[in-house]
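Visitor: Next comes the structure file upload-v1.cif, holding mmCIF, C-alpha atoms.
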data_query
loop_
_atom_site.label_atom_id
_atom_site.label_comp_id
_atom_site.auth_asym_id
_atom_site.auth_seq_id
_atom_site.Cartn_x
_atom_site.Cartn_y
_atom_site.Cartn_z
CA MET V 11 25.91 5.26 -11.58
CA ARG V 12 23.92 5.09 -14.82
CA ALA V 13 24.78 1.41 -15.24
CA GLU V 14 23.81 0.73 -11.63
CA ARG V 15 20.47 2.44 -12.17
CA LEU V 16 19.76 0.45 -15.31
CA THR V 17 20.70 -2.76 -13.52
CA ALA V 18 18.38 -2.01 -10.60
CA LEU V 19 15.52 -1.00 -12.92
CA ALA V 20 15.98 -4.13 -15.00
CA GLU V 21 15.97 -6.28 -11.86
CA VAL V 22 12.78 -4.91 -10.32
CA ALA V 23 11.02 -4.68 -13.69
CA ALA V 24 11.83 -8.32 -14.41
CA VAL V 25 10.51 -9.46 -11.04
CA GLU V 26 7.35 -7.37 -11.43
CA GLY V 27 6.94 -8.65 -14.98
CA CYS V 28 7.13 -12.25 -13.75
CA PHE V 29 4.43 -11.49 -11.20
CA LEU V 30 2.22 -9.83 -13.80
CA VAL V 31 2.41 -12.76 -16.21
CA ALA V 32 1.72 -15.22 -13.38
CA ALA V 33 -1.27 -13.15 -12.22
CA TRP V 34 -2.67 -13.05 -15.75
CA LEU V 35 -2.29 -16.83 -16.03
CA LEU V 36 -3.97 -17.39 -12.67
CA GLN V 37 -6.86 -15.16 -13.70
CA ALA V 38 -7.22 -17.14 -16.92
CA VAL V 39 -7.10 -20.67 -15.45
CA VAL V 40 -8.53 -20.33 -11.92
CA SER V 41 -12.30 -19.97 -11.93
CA GLY V 42 -12.51 -18.00 -8.69
CA GLY V 43 -10.33 -16.73 -5.88
CA TYR V 44 -7.25 -16.28 -8.06
CA GLY V 45 -6.50 -13.05 -6.20
CA TRP V 46 -5.53 -14.93 -3.04
CA TRP V 47 -2.92 -16.86 -5.01
CA SER V 48 -1.61 -13.84 -6.89
CA LYS V 49 -1.19 -11.73 -3.74
CA ALA V 50 0.50 -14.63 -1.95
CA LEU V 51 2.89 -14.84 -4.90
CA MET V 52 3.51 -11.09 -4.71
CA ALA V 53 4.36 -11.33 -1.01
CA ALA V 54 6.68 -14.28 -1.67
CA LEU V 55 8.48 -12.44 -4.49
CA GLY V 56 8.85 -9.39 -2.28
CA LEU V 57 10.34 -11.42 0.55
CA LEU V 58 12.68 -13.24 -1.83
CA GLY V 59 13.82 -9.93 -3.29
CA ILE V 60 14.43 -8.53 0.18
CA LEU V 61 16.32 -11.60 1.39
CA ALA V 62 18.35 -11.84 -1.83
CA HIS V 63 20.03 -8.54 -1.00
CA GLY V 64 20.99 -9.73 2.47
CA ARG V 65 19.91 -6.63 4.39
CA PRO V 66 16.30 -7.19 5.47
CA GLY V 67 16.51 -4.38 8.00
CA ASP V 68 17.34 -1.88 5.25
CA TYR V 69 14.57 -3.29 3.06
CA GLY V 70 11.63 -2.49 5.29
CA LEU V 71 11.51 -5.43 7.68
CA ARG V 72 12.95 -3.66 10.73
CA PRO V 73 11.31 -0.45 11.98
CA LYS V 74 13.42 2.40 13.26
CA SER V 75 11.18 2.26 16.34
CA LEU V 76 8.59 -0.46 16.82
CA ARG V 77 6.72 1.72 19.33
CA PHE V 78 6.53 4.57 16.82
CA SER V 79 5.31 2.29 14.04
CA LEU V 80 2.67 0.60 16.19
CA LYS V 81 1.43 3.93 17.55
CA TRP V 82 1.10 5.45 14.10
CA SER V 83 -0.48 2.30 12.72
CA ALA V 84 -3.25 2.78 15.28
CA TYR V 85 -3.52 6.48 14.46
CA VAL V 86 -3.83 6.01 10.69
CA ALA V 87 -6.26 3.10 11.05
CA ALA V 88 -8.58 5.02 13.40
CA PRO V 89 -10.26 7.34 10.83
CA PHE V 90 -11.01 4.40 8.54
CA ALA V 91 -12.31 2.25 11.40
CA LEU V 92 -14.62 5.06 12.53
CA ALA V 93 -15.79 5.75 8.98
CA SER V 94 -16.47 2.05 8.40
CA LEU V 95 -18.38 1.79 11.67
CA ALA V 96 -20.46 4.85 10.82
CA VAL V 97 -21.36 3.43 7.41
CA LEU V 98 -22.33 0.05 8.89
CA LEU V 99 -24.47 1.71 11.57
CA ALA V 100 -26.20 3.80 8.91
CA ALA V 101 -26.82 0.68 6.84
CA ALA V 102 -28.27 -1.11 9.86
CA ALA V 103 -30.54 1.85 10.62
CA ALA V 104 -31.76 1.75 7.03
CA GLY V 105 -32.62 -1.93 7.40
CA ARG V 106 -29.90 -3.26 5.12
CA PRO V 107 -28.40 -6.67 5.92
CA LEU V 108 -24.94 -6.44 7.45
CA PRO V 109 -22.01 -8.76 6.74
CA GLY V 110 -21.63 -11.61 9.22
CA PRO V 111 -18.53 -11.99 11.40
CA ILE V 112 -16.99 -14.62 9.12
CA SER V 113 -17.48 -12.48 6.03
CA LEU V 114 -16.12 -9.43 7.84
CA ALA V 115 -13.08 -11.36 9.09
CA LYS V 116 -12.41 -12.66 5.58
CA ASP V 117 -12.55 -9.14 4.15
CA LEU V 118 -10.23 -7.82 6.86
CA LEU V 119 -7.77 -10.65 6.18
CA TRP V 120 -7.88 -9.97 2.45
CA TYR V 121 -7.41 -6.21 2.57
CA LEU V 122 -5.02 -5.92 5.51
CA VAL V 123 -2.81 -8.92 4.74
CA PHE V 124 -3.24 -10.02 1.12
CA VAL V 125 -3.57 -6.48 -0.24
CA GLY V 126 -1.98 -4.08 2.25
CA LEU V 127 0.88 -6.16 3.60
CA ALA V 128 1.60 -8.11 0.41
CA GLU V 129 1.76 -5.03 -1.80
CA GLU V 130 3.78 -3.03 0.71
CA LEU V 131 6.27 -5.85 1.16
CA PHE V 132 6.77 -5.95 -2.59
CA PHE V 133 6.65 -2.27 -3.56
CA ARG V 134 7.80 -0.37 -0.47
CA GLY V 135 9.91 -3.18 0.98
CA TYR V 136 11.68 -4.64 -2.03
CA VAL V 137 11.25 -2.34 -5.06
CA GLN V 138 11.54 1.04 -3.34
CA SER V 139 14.49 -0.02 -1.19
CA ARG V 140 16.32 -1.37 -4.23
CA LEU V 141 15.76 1.76 -6.29
CA ASN V 142 16.66 4.11 -3.46
CA GLU V 143 20.12 2.53 -3.51
CA VAL V 144 20.75 3.98 -6.98
CA PHE V 145 18.29 6.89 -7.30
CA THR V 146 19.78 8.78 -4.38
CA LYS V 147 18.76 12.38 -5.08
CA ARG V 148 17.07 13.88 -2.01
CA TYR V 149 14.07 16.19 -1.92
CA GLY V 150 13.54 18.54 1.01
CA ARG V 151 9.76 18.82 0.93
CA PHE V 152 6.94 16.30 0.63
CA LEU V 153 3.69 18.00 -0.37
CA TRP V 154 3.48 20.88 2.14
CA VAL V 155 5.70 19.24 4.78
CA GLU V 156 9.43 19.81 5.23
CA PHE V 157 10.61 16.22 5.01
CA GLU V 158 13.54 14.63 3.19
CA TRP V 159 12.73 11.76 0.88
CA THR V 160 14.50 9.99 -1.96
CA GLN V 161 14.12 9.93 -5.73
CA GLY V 162 13.80 6.15 -5.83
CA THR V 163 10.58 6.50 -3.87
CA MET V 164 9.13 8.66 -6.66
CA VAL V 165 10.30 6.29 -9.41
CA THR V 166 8.71 3.38 -7.57
CA ALA V 167 5.41 5.14 -6.90
CA VAL V 168 4.88 6.43 -10.42
CA PHE V 169 6.40 3.83 -12.72
CA LEU V 170 6.44 0.56 -10.76
CA PHE V 171 3.32 0.98 -8.59
CA GLY V 172 1.01 3.56 -10.16
CA LEU V 173 1.20 2.93 -13.90
CA PRO V 174 1.01 -0.90 -13.57
CA HIS V 175 -2.52 -0.45 -12.18
CA LEU V 176 -3.53 -0.08 -15.84
CA PHE V 177 -2.70 -3.76 -16.27
CA ASN V 178 -5.54 -4.64 -13.90
CA GLU V 179 -7.82 -3.93 -16.86
CA VAL V 180 -5.76 -5.97 -19.33
CA ASN V 181 -5.19 -9.70 -19.74
CA PRO V 182 -3.71 -11.07 -22.99
CA PHE V 183 -4.64 -14.64 -21.98
CA THR V 184 -8.35 -13.82 -21.77
CA GLY V 185 -8.47 -11.05 -24.35
CA ARG V 186 -9.53 -8.46 -21.81
CA LEU V 187 -8.83 -4.82 -22.63
CA SER V 188 -10.84 -2.24 -20.71
CA VAL V 189 -8.78 0.89 -20.14
CA GLY V 190 -11.20 3.77 -19.69
CA PRO V 191 -11.48 6.99 -17.68
CA LEU V 192 -12.06 5.12 -14.41
CA ALA V 193 -8.90 3.04 -14.91
CA LEU V 194 -6.91 6.20 -15.62
CA PHE V 195 -8.27 7.84 -12.46
CA VAL V 196 -7.42 4.76 -10.37
CA THR V 197 -3.91 4.71 -11.86
CA ALA V 198 -3.29 8.39 -11.08
CA SER V 199 -4.67 7.94 -7.56
CA ALA V 200 -2.46 4.89 -7.02
CA ALA V 201 0.64 6.82 -8.12
CA PHE V 202 -0.16 9.64 -5.70
CA MET V 203 -0.88 7.30 -2.80
CA GLY V 204 2.27 5.37 -3.70
CA LEU V 205 4.23 8.56 -3.01
CA VAL V 206 2.50 8.96 0.35
CA LEU V 207 3.08 5.34 1.33
CA GLY V 208 6.67 5.58 0.17
CA ALA V 209 7.36 8.68 2.24
CA ILE V 210 5.91 6.96 5.31
CA ARG V 211 8.11 3.94 4.59
CA GLU V 212 11.16 6.21 4.55
CA LYS V 213 10.06 7.91 7.76
CA THR V 214 9.42 4.72 9.74
CA GLY V 215 12.04 2.49 8.13
CA CYS V 216 9.56 -0.35 7.61
CA VAL V 217 6.34 -1.36 5.88
CA ILE V 218 4.11 -1.67 8.96
CA VAL V 219 2.42 1.75 8.84
CA PRO V 220 2.13 1.80 5.02
CA ALA V 221 0.55 -1.66 5.09
CA VAL V 222 -2.02 -0.61 7.71
CA LEU V 223 -2.89 2.59 5.82
CA HIS V 224 -3.10 0.77 2.48
CA GLY V 225 -5.24 -2.06 3.80
CA SER V 226 -7.53 0.20 5.85
CA MET V 227 -8.14 2.49 2.91
CA ASP V 228 -9.00 -0.34 0.51
CA PHE V 229 -11.17 -2.12 3.07
CA THR V 230 -13.25 1.00 3.68
CA ALA V 231 -13.55 1.91 -0.01
CA LEU V 232 -14.12 -1.56 -1.47
CA ALA V 233 -15.15 -4.18 1.08
CA LEU V 234 -18.04 -2.14 2.45
CA GLY V 235 -19.29 -1.42 -1.05
CA SER V 236 -21.07 -4.76 -1.28
CA THR V 237 -23.11 -3.84 1.81
CA VAL V 238 -23.79 -0.12 1.48
CA GLY V 239 -22.94 0.55 -2.16
CA LEU V 240 -19.70 1.87 -3.62
CA ALA V 241 -20.86 5.48 -3.49
CA ALA V 242 -21.31 5.36 0.28
CA SER V 243 -18.18 3.30 0.93
CA ASN V 244 -16.03 5.58 -1.21
CA ALA V 245 -17.48 8.64 0.51
CA ALA V 246 -16.51 7.09 3.85
CA ALA V 247 -13.00 6.35 2.58
CA GLY V 248 -12.75 9.90 1.23
CA ALA V 249 -13.73 11.37 4.60
CA ALA V 250 -11.16 9.18 6.36
CA LEU V 251 -8.47 10.17 3.86
CA PHE V 252 -9.30 13.84 4.36
CA THR V 253 -8.84 13.36 8.10
CA PHE V 254 -5.53 11.60 7.51
CA PHE V 255 -4.14 14.37 5.29
CA ALA V 256 -5.56 17.22 7.37
CA ALA V 257 -4.69 15.98 10.84
CA LEU V 258 -2.15 13.16 10.72
CA LEU V 259 0.29 13.21 7.80
CA GLU V 260 2.27 16.29 8.82
CA ARG V 261 2.46 15.13 12.43
CA LEU V 262 3.67 11.70 11.34
CA LEU V 263 6.41 13.09 9.09
CA ARG V 264 7.58 15.73 11.58
CA GLU V 265 7.52 13.74 14.82
CA PRO V 266 10.93 12.37 15.84
CA VAL V 267 10.90 8.59 15.48
CA GLY V 268 12.36 8.06 18.93
CA GLU V 269 9.84 10.30 20.67
CA GLY V 270 8.19 8.67 23.63
CA ARG V 271 11.00 6.27 24.45
CA ARG V 272 11.86 5.90 28.10
CA PRO V 273 15.36 7.04 29.03
CA ALA V 274 17.77 4.21 29.62
CA ARG V 275 18.33 3.27 33.23
CA ARG V 276 21.75 4.01 34.62
#
Go ahead and express the file in the form of structure tokens.
Guide:
Amino acid sequence: MRAERLTALAEVAAVEGCFLVAAWLLQAVVSGGYGWWSKALMAALGLLGILAHGRPGDYGLRPKSLRFSLKWSAYVAAPFALASLAVLLAAAAAGRPLPGPISLAKDLLWYLVFVGLAEELFFRGYVQSRLNEVFTKRYGRFLWVEFEWTQGTMVTAVFLFGLPHLFNEVNPFTGRLSVGPLALFVTASAAFMGLVLGAIREKTGCVIVPAVLHGSMDFTALALGSTVGLAASNAAAGAALFTFFAALLERLLREPVGEGRRPARR
């Protein structure tokens, strides 16, 4: 088992390392918009990793219940949508210019697809699924909720998803090195949210709900910052996250996945 773990870790670390080097190069040579290319590459690498193992359903591409995943996608998106709307209405009342429909659509595309979906395909689809094959220890509680989840989810969230956020502030090709308190806070927050997203991935069997939560959270916290300021947008995201943890997370993890299905006709 030790050799299998080392093999799996070497595999996912090599793929993530290839992405990181490519992203650094893109940042160094592309004057603007390199993020679109780097996230597209991340999604492609995630899909290739998933398909290479020949079991896409086990690697996050097939939900245990599509109805369950779609329902909970709507539930987790709702607090962020309401918080975003409240912030925009407050900005309009204060006389601030609002983003136009094209700008808003572009931001939604970026955060929901090129951030949320791309990162969840890679980390929760490919990396987490691969590591859960070899890090098989089970835990019986997630935060305050009785819910079984797997050690590979923790390894992914902390070491492959959370800590690499430090590299956002580093680029050897441009000489950038800016690791300060804010970067450390973002890294710790990413590791924690990686655990949450990973547990939801295990619950639902796919990346749909994690992608919606991830994209909605980043859209509210970051996209709206250019309109209302980062303090207001992060306060809105914080309020939405509080609602998610207080009212939704336990229900999501406890609710049977098949609940709400119609009985089969005889």
Visitor: At a cut-off of 9 Å, using only C-alpha atoms, what residues contact range 89-103 of chain V? Leave out same-chain residues fewer than 2 positions from it and give the result as an NGL selection string.
Guide: :V and (85-87 or 105-108 or 223 or 226-227 or 229-231 or 234 or 237-238 or 242-243 or 246-247 or 249-251 or 253-254)
Visitor: Just to confirm, what's the straight-line distance from CA of Trp82 in chain V to CA of Gly268 in chain V in Å (one decimal)?
Guide: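 Distance between the two atoms: 12.5 Å.
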Visitor: Any chance you could resolve the PyMOL selection byres ((chain V and resi 183) around 9) against this file and give the residues as number ranges by chain?
Guide: V: 34-35, 37-38, 181-182, 184-186
Visitor: Measuring atom to atom with all atoms listed in the file, identify which of V:Phe171, V:Tyr44, V:Tyr121, V:Tyr136 is nearest to His63 in chain V.
Guide: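 Nearest to His63 in chain V: V:Tyr136.
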Visitor: With only C-alpha atoms as the atoms that count, which of V:Leu58, V:Leu192, V:Leu170, V:Leu30 lies nearest to Leu141 in chain V?
Guide: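 Using only C-alpha atoms, Leu141 in chain V sits closest to V:Leu170.
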Visitor: How would you write, as an mmCIF file with C-alpha atoms, in the coordinates of the input, the residues chosen by the PyMOL selection byres ((chain V and resi 177) around 12) on this structure?
Guide:
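Writing the result to result38.cif gives the following:
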data_model
loop_
_atom_site.group_PDB
_atom_site.id
_atom_site.type_symbol
_atom_site.label_atom_id
_atom_site.label_comp_id
_atom_site.auth_asym_id
_atom_site.auth_seq_id
_atom_site.Cartn_x
_atom_site.Cartn_y
_atom_site.Cartn_z
ATOM 1 C CA GLU V 26 7.350 -7.370 -11.430
ATOM 2 C CA GLY V 27 6.940 -8.650 -14.980
ATOM 3 C CA PHE V 29 4.430 -11.490 -11.200
ATOM 4 C CA LEU V 30 2.220 -9.830 -13.800
ATOM 5 C CA VAL V 31 2.410 -12.760 -16.210
ATOM 6 C CA ALA V 33 -1.270 -13.150 -12.220
ATOM 7 C CA TRP V 34 -2.670 -13.050 -15.750
ATOM 8 C CA LEU V 170 6.440 0.560 -10.760
ATOM 9 C CA PHE V 171 3.320 0.980 -8.590
ATOM 10 C CA GLY V 172 1.010 3.560 -10.160
ATOM 11 C CA LEU V 173 1.200 2.930 -13.900
ATOM 12 C CA PRO V 174 1.010 -0.900 -13.570
ATOM 13 C CA HIS V 175 -2.520 -0.450 -12.180
ATOM 14 C CA LEU V 176 -3.530 -0.080 -15.840
ATOM 15 C CA ASN V 178 -5.540 -4.640 -13.900
ATOM 16 C CA GLU V 179 -7.820 -3.930 -16.860
ATOM 17 C CA VAL V 180 -5.760 -5.970 -19.330
ATOM 18 C CA ASN V 181 -5.190 -9.700 -19.740
ATOM 19 C CA PRO V 182 -3.710 -11.070 -22.990
ATOM 20 C CA ARG V 186 -9.530 -8.460 -21.810
ATOM 21 C CA LEU V 187 -8.830 -4.820 -22.630
ATOM 22 C CA SER V 188 -10.840 -2.240 -20.710
ATOM 23 C CA VAL V 189 -8.780 0.890 -20.140
ATOM 24 C CA GLY V 190 -11.200 3.770 -19.690
ATOM 25 C CA ALA V 193 -8.900 3.040 -14.910
ATOM 26 C CA LEU V 194 -6.910 6.200 -15.620
ATOM 27 C CA VAL V 196 -7.420 4.760 -10.370
ATOM 28 C CA THR V 197 -3.910 4.710 -11.860
#
Visitor: Applied to this file, what does the PyMOL selection byres ((chain V and resi 135) around 9) return in terms of residues, put as a ChimeraX atom specification?
Guide: /V:56-57,59-60,66,68-71,129-134,136-140,211,216-217
Visitor: Of the candidates V:Leu51, V:Val168, V:Leu122, V:Ile210, which shows the shortest atom-to-atom distance to Ala198 in chain V, using all atoms listed in the file?
Guide: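 Closest to Ala198 in chain V, using all atoms listed in the file: V:Val168.
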Visitor: So which one's closest to Val267 in chain V, V:Lys116, V:Lys213, V:Ala18, V:Leu207? Using all atoms listed in the file, please.
Guide: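 For Val267 in chain V, the nearest of the given residues is V:Lys213.
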Visitor: CA of Trp159 in chain V to CA of Leu19 in chain V: how many Å, to one decimal?
Guide: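 About the pair CA of Trp159 in chain V and CA of Leu19 in chain V: they are 19.0 Å apart.
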Visitor: Go through V:Asn142, V:Ser199, V:Ser48, V:Ser75 and flag the residue nearest Val219 in chain V, using only C-alpha atoms for the distances.
Guide: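 Looking only at the distances to Val219 in chain V, the closest residue turns out to be V:Ser75.
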Visitor: Of the residues V:Ala20, V:Ala256, V:Val40, V:Ala13, which is the one nearest to Trp154 in chain V, using only C-alpha atoms?
Guide: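 The closest residue to Trp154 in chain V is V:Ala256.
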Visitor: Grab the CA of Gly150 in chain V to CA of Met164 in chain V distance for me, in Å with one decimal place.
Guide: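 Between CA of Gly150 in chain V and CA of Met164 in chain V the gap is 13.3 Å.
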